[in-house]
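Undergrad: Take a look at this one; I'll ask things after.
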Amino acid sequence: MRANVSEMLGKFNEAVGIRFQLYNSLFLSLPFYGVDRTGVLLSLFNQQCADSLESGKSPAEMIDDFFNVHDEVDKTDLMFRFVQYAERQVVLFDALEDAAFTQLNDIRGAGTLAQLKNTAIQTEKLEALKQRLSEFSVRLVLTAHPTQFYPGTVLGIINDLTAAIAADNVAEIDTLLRQLGRTPFFKKQKPTPFDEAVSLIWFLENVFYDAIGAIASEIRTLFTHEELELADLIRMGFWSGGDRDGNPFVTSDTTLDTAAALKRAVLRCYHNDLRLLKRRLTFANVEQAVAELERKLYANAYLSPEAELTRAELLDDLLAIRQALVERHDGLFAHLIDDLLNKVEVFGLHFATLDIRQEASEHTAVLLAVAETGVGLSNAYASFDDREKIEILLNITEAADTDALTDLLARDTLLTIKAVRRIQELNGTEGCERYIISQCRSALNVIEVYGLFLLGGWNPETLDIDIVPLFETITDLKHAAGIMRELYELEPYRQHLARRKNKQTIMLGFSDGTKDGGYLMANWSIYKAKDELTKISARYGVDVIFFDGRGGPPARGGGKTHKFYSSMEQRIVGDAIQLTVQGQTVSSNFGTVDAARFNIEQLLHAGIYNRLFDPRDHAFDGREKDLVQKLAEHSFAAYTQLKEDPLFLDYLAAISPLRFYSETNIGSRPAKRREGKLTLNDLRAIPFVGAWSQLKQNVPGFYGVGSAIKQMENRFDEIAAMYHSNGFFKALLDNAEMSMQKSNFALTAFLADDPEYGAIWQKIYGEFQLTRHYLNKLSGADEFMSGLPVEQQSVRTRERIVLPLVTIQQYALAKIREIGDDNTRSDERSVYEKLVIRCSFGIINAGRNSA
């Protein structure tokens with residue numbers, strides 16, 4: 001084991017560590033916006049921060065000490081330069097890790113498609129593999145959630161820098177580093193929802209198109225088109241331009257524009273592939289057919305996305321070309337046509353399915369607005385109880401009069417429902433076929449959306465829409481099975497499900513669950529909800545599909561996600577793995593073709609391998625369920641006590657950059673659902689988790705775990721046995737370790753004796769120490785992430801790079817608290833506020849999955 005760890009670390013240091021030192025030395029020698037020696041001074045400051053933290057100094061003392069020695073430079077100006085330099089060091093490290101991906105990961109080993117193939121061949125289970133591939137699917141849904149702090153220009157540089165590093169092109173690397181030094185990282189204006197969509201479409205065109213295409217082509221080496229359909233095996237989803245929950249800037253026009261952009265993008269990809277094929281397909285009876293198809297694709301991709309080209313027509317044209325190659329040219333280059341056929345089969349004309357999402361209470365308000373017009377709904381609608389409203393909504397026979405609606409949200413909601421039909425006409429049914437209901441708390445909330453579609457002119461018999469309830473809080477998760485039972489009892493809704501192949505998608509939100517109930521209780525509540533929902537759905541003959549709303553960090557359901565799926569009971573995983581991929585996680589886990597392919601294969605493997613080749617029972621037994629339930633309850637009690645501390649939100653708002661999230665201009669969506677006084681309910685999970693991350697305390701990713709185990713210390717041997725035998729429980733605690741590895745309480749230790757915040761700081765730090773004690777005792781290691789040495793070293797390096805940034809940020813926040821409401825120092829306060837915001841970019845980007 002030690003030899004293996006040593007070998008892995010050796011590879012990491014050779015491919016990343018040593019190269020970082022080499023290229024960083026080139027980077028540090030560059031003059032930066034007129035300040036010579038910025039890089040040299042940054043290195044000195046970084047070392048001083050590390051030494052000073054060990055000696056217990058506060059960020060203010062560290063900075064004062066440094067500038068007392070280096071008083072020849074302007075203090076504020078140099079701090080901004082430090083921030084800009086460190087940001088670019090993070091980019092360099094990102095590019096180095098991306099370039100080394102295939103060296104640091106066994107891309108043909110455990111968890112990959114290659115392993116599935118080889119095992120199936122060796123065990124003579126190819127037919128079983130084909131069957132499982134035909135019934136299983138993975139759906140990755142790219143969301144617009146604001147956690148991507150790199151602007152598009154910087155992402156482009158990272159992409160080019162990664163390629164240059166992989167090719168060991170030092171001259172190109174030097175040029176790109178110079179470009180990086182002069183490229184702004186800060187967005188002066190908030191992006192629009194359509195801007196966000198365009199940014200994510202870049203990943204579809206430049207990464208997912210080729211990654212998923214390569215996976216499909218490898219599967220085709222085993223099974224032909226006739227033997228296995230690939231259309232549903234890997235599906236991409238898309239929220240930008242469709243997610244209007246808490247985002248007033250998403251309109252029906254935005255949704256239509258985004259769908260058109262998705263179609264144009266995939267047609268551009270097909271057109272580019274076909275142009276490359278033309279260089280090989282120069283044969284008689286083939287060349288002309290290729291030219292004609294290229295003309296069609298060009299017209300649709302660049303002239304009018306509404307031109308008459310269907311997925312079926314595109315497939316027929318390609319199959320005709322392939323047949324000509326086989327019959328008249330000995331099949332020469334037919335494999336190239338096969339590769340393009342695979343992509344068309346998967347991506348169609350939609351590229352990614354555009355989901356619509358809105359909060360349940362908004363639907364209620366829209367229906368009341370419709371009722372006021374008296375068209376479609378009776379004026380008396382508001383006076384009925386829930387059961388009567390459900391009956392009314394299920395039996396709507398008249399469309400609403402959109403023009404009669406004076407409420408802008410109500411009008412746009414019905415226009416959006418009409419837009420869904422138009423998108424299905426242009427992009428295919430797969431273009432837009434799901435409507436997600438945030439904060440769903442009743443069967444009525446689901447039927448309200450069903451009724452809205454009828455009011456929008458849809459016919460129940462042709463309603464090609466999956467209505468997806470999203471359960472998020474601990475209470476909502478507890479009631480989820482009862483809500484679904486009520487829905488399944490409604491005959492019109494059961495008929496609707498029958499037309500949707502008796503499949504019901506249910507979304508479960510990790511982010512808000514953790515914010516509401518703490519790390520352990522949220523994850524266990526979701527697990528239990530899945531168990532109960534699986535049972536109740538099976539009882540009614542419905543195949544349930546779980547769609548997990550996961551963010552980047554463990555506190556939002558991220559971390560080593562595939563380990564959760566591979567360790568769950570197969571009946572709960574079912575025939576699909578669906579999850580959101582948000583912001584940073586798109587670029588960090590799926591930023592290159594190699595990384596995207598590897599991580600998608602890990603998810604495919606998680607849903608297939610155990611079912612076919614390792615059919616052990618991964619379920620918790622009764623005693624284990626009781627044990628985890630009690631741990632979750634104790635954890636919840638500890639977290640609730642912290643959450644209900646009167647200073648909880650004040651502490652977070654004062655000591656972290658929470659208040660400044662909306663000014664980072666990284667996303668179009670507001671940081672709060674509603675205006676007014678800050679409350680935990682209205683606070684978005686992303687700024688909540690991201691603020692703790694920048695504070696280097698990561699409360700949502702571990703708090704309560706230590707207290708729970710301490711309360712159950714009399715059963716510690718059982719907990720330890722479960723940790724070593726139950727993959728789900730181990731993955732849960734291992735992810736908590738990742739959160740804690742990225743914490744650094746020395747940064748805020750100066751608050752320990754603070755008259756206002758000292759008590760809450762000590763409470764959080766005490767829980768951290770307690771959790772560390774028990775996690776180390778369980779793992780048998782004396783440090784976090786010891787079983788993941790490469791990831792551990794990566795985290796350590798990244799944390800060291802951003803040490804100057806977190807120090808400067810804490811210094812600036814302390815100055816803002818000191819200035820308070822003193823208007824005579826408003827200019828000074830403004831400078832420090834800008835420092836806080838600028839530091840956020842590098843800190844979050846360095847974490848890669850911090851928000």
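Letters A, B, ... go to the chains of the structure tokens in the order shown; residues in each chain start at 1; ligands are counted from 1 in the same order.
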For Lys528 (chain A), list every protein, DNA or RNA residue within 12 Å, evaluated using only C-alpha atoms, and leave out those in the same chain fewer than 6 positions away; present the list as a list in words.

TA: Ile474, Leu477, Lys478, His479, Ala480, Ala481, Leu508, Met521, Ala522, Thr534, Lys535, Met568, Glu569, Ile572, Ala619, Phe620, Lys625, Asp626, Val628, Gln629 and Ala632 of chain A

Undergrad: Using only C-alpha atoms, which protein or nucleic acid residues come within 9 Å of region 510-517 of chain A? Drop anything in the same chain fewer than 4 positions from it, and give the result as a PyMOL selection string.

TA: chain A and resi 471-474+477+521-523+525-526+548-551+555-558+635-637+639-640+643+680-681+684-686+688-689+700-701

Undergrad: Neighbouring residues of region 795-800 of chain A were defined as those with any atom within 6 Å, considering only C-alpha atoms; residues of the same chain fewer than 3 positions away were excluded. Please report them as a PyMOL selection string.

TA: chain A and resi 792+803+846

Undergrad: Extract, using only C-alpha atoms, all DNA, RNA and protein residues at most 9 Å from region 708-719 of chain A, discarding same-chain residues fewer than 3 positions from it, and format them as a VMD selection string.

TA: chain A and resid 624 627 to 628 630 to 638 704 to 705 722 to 724 770 to 771 774 778

Undergrad: Pull the helix (DSSP H, G or I) assignments for region 190-356 of chain A out of DSSP run on the backbone, and list those residues as a PyMOL selection string.

TA: chain A and resi 193-220+252-278+287-303+311-328+334-347

Undergrad: Choose the residue, out of A:Thr824, A:Thr353, A:Asn845, A:Thr807, that has the smallest atom-to-atom separation from Ile234 (chain A); count only C-alpha atoms.

TA: A:Thr353

Undergrad: To one decimal place, how far is CA of Phe203 (chain A) from CA of Leu155 (chain A) in Å?

TA: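 One can read the CA of Phe203 (chain A) to CA of Leu155 (chain A) distance as 10.2 Å.
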
Undergrad: With only C-alpha atoms as the basis for distance, which of A:Leu579, A:Phe564, A:Ser361, A:Leu349 is at the shortest distance from Glu313 (chain A)?

TA: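 Closest to Glu313 (chain A), using only C-alpha atoms: A:Leu349.
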
Undergrad: Please report, as a list of chain:residue names, each residue of region 308-539 of chain A to which DSSP assigns strand (DSSP E or B) when run on this structure's backbone.

TA: A:Thr353, A:Leu354, A:Ile356, A:Arg357, A:Gln358, A:Glu359, A:Arg434, A:Tyr435, A:Ile436, A:Ile437, A:Ser438, A:Asp466, A:Ile467, A:Val468, A:Pro469, A:Leu470, A:Phe471, A:Lys503, A:Gln504, A:Thr505, A:Ile506, A:Met507, A:Leu508, A:Gly509

Undergrad: Could you write out the selected residues, including N, CA and C atoms, as a PDB file, in the first residue's frame?

TA:
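Output (selection-v4.pdb):
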ATOM      1  N   THR A 353     -31.505  18.438 -23.240  1.00  0.00           N
ATOM      2  CA  THR A 353     -32.916  18.685 -22.915  1.00  0.00           C
ATOM      3  C   THR A 353     -33.025  19.893 -22.000  1.00  0.00           C
ATOM      4  N   LEU A 354     -33.756  20.895 -22.453  1.00  0.00           N
ATOM      5  CA  LEU A 354     -33.925  22.127 -21.688  1.00  0.00           C
ATOM      6  C   LEU A 354     -35.051  21.939 -20.673  1.00  0.00           C
ATOM      7  N   ILE A 356     -37.558  23.157 -17.592  1.00  0.00           N
ATOM      8  CA  ILE A 356     -38.195  24.346 -17.033  1.00  0.00           C
ATOM      9  C   ILE A 356     -38.316  24.127 -15.526  1.00  0.00           C
ATOM     10  N   ARG A 357     -37.996  25.143 -14.731  1.00  0.00           N
ATOM     11  CA  ARG A 357     -38.138  25.029 -13.280  1.00  0.00           C
ATOM     12  C   ARG A 357     -38.711  26.320 -12.711  1.00  0.00           C
ATOM     13  N   GLN A 358     -39.617  26.157 -11.749  1.00  0.00           N
ATOM     14  CA  GLN A 358     -40.178  27.307 -11.051  1.00  0.00           C
ATOM     15  C   GLN A 358     -40.617  26.867  -9.650  1.00  0.00           C
ATOM     16  N   GLU A 359     -40.662  27.821  -8.734  1.00  0.00           N
ATOM     17  CA  GLU A 359     -41.063  27.539  -7.360  1.00  0.00           C
ATOM     18  C   GLU A 359     -42.573  27.344  -7.272  1.00  0.00           C
ATOM     19  N   ARG A 434     -39.514  18.374 -19.517  1.00  0.00           N
ATOM     20  CA  ARG A 434     -39.620  18.253 -18.061  1.00  0.00           C
ATOM     21  C   ARG A 434     -39.917  19.615 -17.442  1.00  0.00           C
ATOM     22  N   TYR A 435     -40.807  19.599 -16.460  1.00  0.00           N
ATOM     23  CA  TYR A 435     -41.122  20.805 -15.699  1.00  0.00           C
ATOM     24  C   TYR A 435     -40.898  20.477 -14.228  1.00  0.00           C
ATOM     25  N   ILE A 436     -39.951  21.168 -13.588  1.00  0.00           N
ATOM     26  CA  ILE A 436     -39.532  20.866 -12.221  1.00  0.00           C
ATOM     27  C   ILE A 436     -40.134  21.888 -11.263  1.00  0.00           C
ATOM     28  N   ILE A 437     -40.669  21.386 -10.145  1.00  0.00           N
ATOM     29  CA  ILE A 437     -41.349  22.235  -9.172  1.00  0.00           C
ATOM     30  C   ILE A 437     -40.505  22.340  -7.912  1.00  0.00           C
ATOM     31  N   SER A 438     -39.857  23.479  -7.709  1.00  0.00           N
ATOM     32  CA  SER A 438     -39.071  23.705  -6.499  1.00  0.00           C
ATOM     33  C   SER A 438     -39.986  23.840  -5.287  1.00  0.00           C
ATOM     34  N   ASP A 466     -42.904  15.517 -18.500  1.00  0.00           N
ATOM     35  CA  ASP A 466     -42.740  14.912 -17.177  1.00  0.00           C
ATOM     36  C   ASP A 466     -42.826  16.024 -16.137  1.00  0.00           C
ATOM     37  N   ILE A 467     -43.733  15.896 -15.202  1.00  0.00           N
ATOM     38  CA  ILE A 467     -43.871  16.874 -14.124  1.00  0.00           C
ATOM     39  C   ILE A 467     -43.062  16.343 -12.939  1.00  0.00           C
ATOM     40  N   VAL A 468     -42.054  17.099 -12.524  1.00  0.00           N
ATOM     41  CA  VAL A 468     -41.041  16.599 -11.584  1.00  0.00           C
ATOM     42  C   VAL A 468     -41.100  17.386 -10.276  1.00  0.00           C
ATOM     43  N   PRO A 469     -41.612  16.775  -9.200  1.00  0.00           N
ATOM     44  CA  PRO A 469     -41.568  17.455  -7.894  1.00  0.00           C
ATOM     45  C   PRO A 469     -40.153  17.441  -7.335  1.00  0.00           C
ATOM     46  N   LEU A 470     -39.761  18.542  -6.711  1.00  0.00           N
ATOM     47  CA  LEU A 470     -38.442  18.654  -6.070  1.00  0.00           C
ATOM     48  C   LEU A 470     -38.647  18.784  -4.567  1.00  0.00           C
ATOM     49  N   PHE A 471     -38.162  17.797  -3.820  1.00  0.00           N
ATOM     50  CA  PHE A 471     -38.252  17.793  -2.362  1.00  0.00           C
ATOM     51  C   PHE A 471     -36.877  18.148  -1.797  1.00  0.00           C
ATOM     52  N   LYS A 503     -43.308   6.083 -15.939  1.00  0.00           N
ATOM     53  CA  LYS A 503     -42.093   6.555 -15.262  1.00  0.00           C
ATOM     54  C   LYS A 503     -42.380   7.890 -14.582  1.00  0.00           C
ATOM     55  N   GLN A 504     -41.950   8.011 -13.342  1.00  0.00           N
ATOM     56  CA  GLN A 504     -42.103   9.251 -12.575  1.00  0.00           C
ATOM     57  C   GLN A 504     -40.726   9.699 -12.106  1.00  0.00           C
ATOM     58  N   THR A 505     -40.305  10.873 -12.569  1.00  0.00           N
ATOM     59  CA  THR A 505     -39.039  11.440 -12.108  1.00  0.00           C
ATOM     60  C   THR A 505     -39.304  12.282 -10.866  1.00  0.00           C
ATOM     61  N   ILE A 506     -38.476  12.084  -9.847  1.00  0.00           N
ATOM     62  CA  ILE A 506     -38.565  12.851  -8.603  1.00  0.00           C
ATOM     63  C   ILE A 506     -37.198  13.437  -8.316  1.00  0.00           C
ATOM     64  N   MET A 507     -37.150  14.738  -8.097  1.00  0.00           N
ATOM     65  CA  MET A 507     -35.881  15.402  -7.811  1.00  0.00           C
ATOM     66  C   MET A 507     -35.718  15.590  -6.308  1.00  0.00           C
ATOM     67  N   LEU A 508     -34.498  15.362  -5.840  1.00  0.00           N
ATOM     68  CA  LEU A 508     -34.177  15.518  -4.425  1.00  0.00           C
ATOM     69  C   LEU A 508     -33.013  16.487  -4.298  1.00  0.00           C
ATOM     70  N   GLY A 509     -33.183  17.508  -3.441  1.00  0.00           N
ATOM     71  CA  GLY A 509     -32.197  18.586  -3.357  1.00  0.00           C
ATOM     72  C   GLY A 509     -31.254  18.427  -2.179  1.00  0.00           C
TER      73      GLY A 509
END

Undergrad: Would you list the contacts of Val138 (chain A) as a ChimeraX atom specification, taking every protein, DNA or RNA residue within 12 Å and counting only C-alpha atoms, but skipping same-chain residues closer than 5 positions in sequence?

TA: /A:133,212,230-237,346,545-548,562,565,573-580,599-608

Undergrad: List the spatial neighbours of Ser840 (chain A) as number ranges by chain - criterion: any atom at most 9 Å away, only C-alpha atoms, same-chain residues fewer than 5 positions off excluded.

TA: A: 149, 657, 661, 664, 694, 805-806, 809, 835, 845

Undergrad: Which one of A:Ala596, A:Ala197, A:Ile837, A:Arg132 sits closest to Gly213 (chain A) if you count only C-alpha atoms?

TA: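 Of A:Ala596, A:Ala197, A:Ile837, A:Arg132, the one nearest Gly213 (chain A) is A:Ala596, counting only C-alpha atoms.
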
Undergrad: Give me, as CSV, each residue of region 228-314 of chain A that comes within 10 Å of region 319-339 of chain A, together with its shortest interatomic pair and the distance in Å at one decimal, counting only C-alpha atoms, with rows ordered by chain and rising residue number.

TA:
residue,atom,partner,partner_atom,distance
A:Asp273,CA,A:Leu336,CA,9.4
A:Leu274,CA,A:Ile337,CA,8.8
A:Leu276,CA,A:Leu336,CA,9.9
A:Leu277,CA,A:Leu336,CA,7.3
A:Arg280,CA,A:Phe333,CA,7.3
A:Leu281,CA,A:Phe333,CA,7.5
A:Phe283,CA,A:His329,CA,8.0
A:Ala284,CA,A:Arg328,CA,9.1
A:Asn285,CA,A:Ala324,CA,7.2
A:Val286,CA,A:Ile321,CA,6.2
A:Glu287,CA,A:Ile321,CA,9.0
A:Gln288,CA,A:Ile321,CA,9.9
A:Ala289,CA,A:Ile321,CA,6.9
A:Val290,CA,A:Ile321,CA,7.3
A:Leu293,CA,A:Ile321,CA,9.8
A:Glu313,CA,A:Leu319,CA,9.8
A:Leu314,CA,A:Leu319,CA,8.6

Undergrad: Let me make sure I understand: among A:Asp94, A:Asn395, A:Arg422, A:Arg88, which one has the smallest atom-to-atom distance to Ser588 (chain A) if we use only C-alpha atoms?

TA: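 Checking each of A:Asp94, A:Asn395, A:Arg422, A:Arg88 against Ser588 (chain A), counting only C-alpha atoms, the winner is A:Asp94.
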
Undergrad: Using Å and a single decimal, report how far CA of Ala166 (chain A) sits from CA of Asp210 (chain A).

TA: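 Answer for the CA of Asp210 (chain A) to CA of Ala166 (chain A) separation: 18.4 Å.
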
Undergrad: Please provide as a PyMOL selection string all residues within 12 Å of Ser25 (chain A), with the sequence filter that same-chain residues fewer than 6 positions apart are discarded (counting only C-alpha atoms).

TA: chain A and resi 18-19+37+39-40+43+89+92+174+177

Undergrad: Interatomic distance between CA of Asn24 (chain A) and CA of Ile107 (chain A)?

TA: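 CA of Ile107 (chain A) lies 28.2 Å from CA of Asn24 (chain A).
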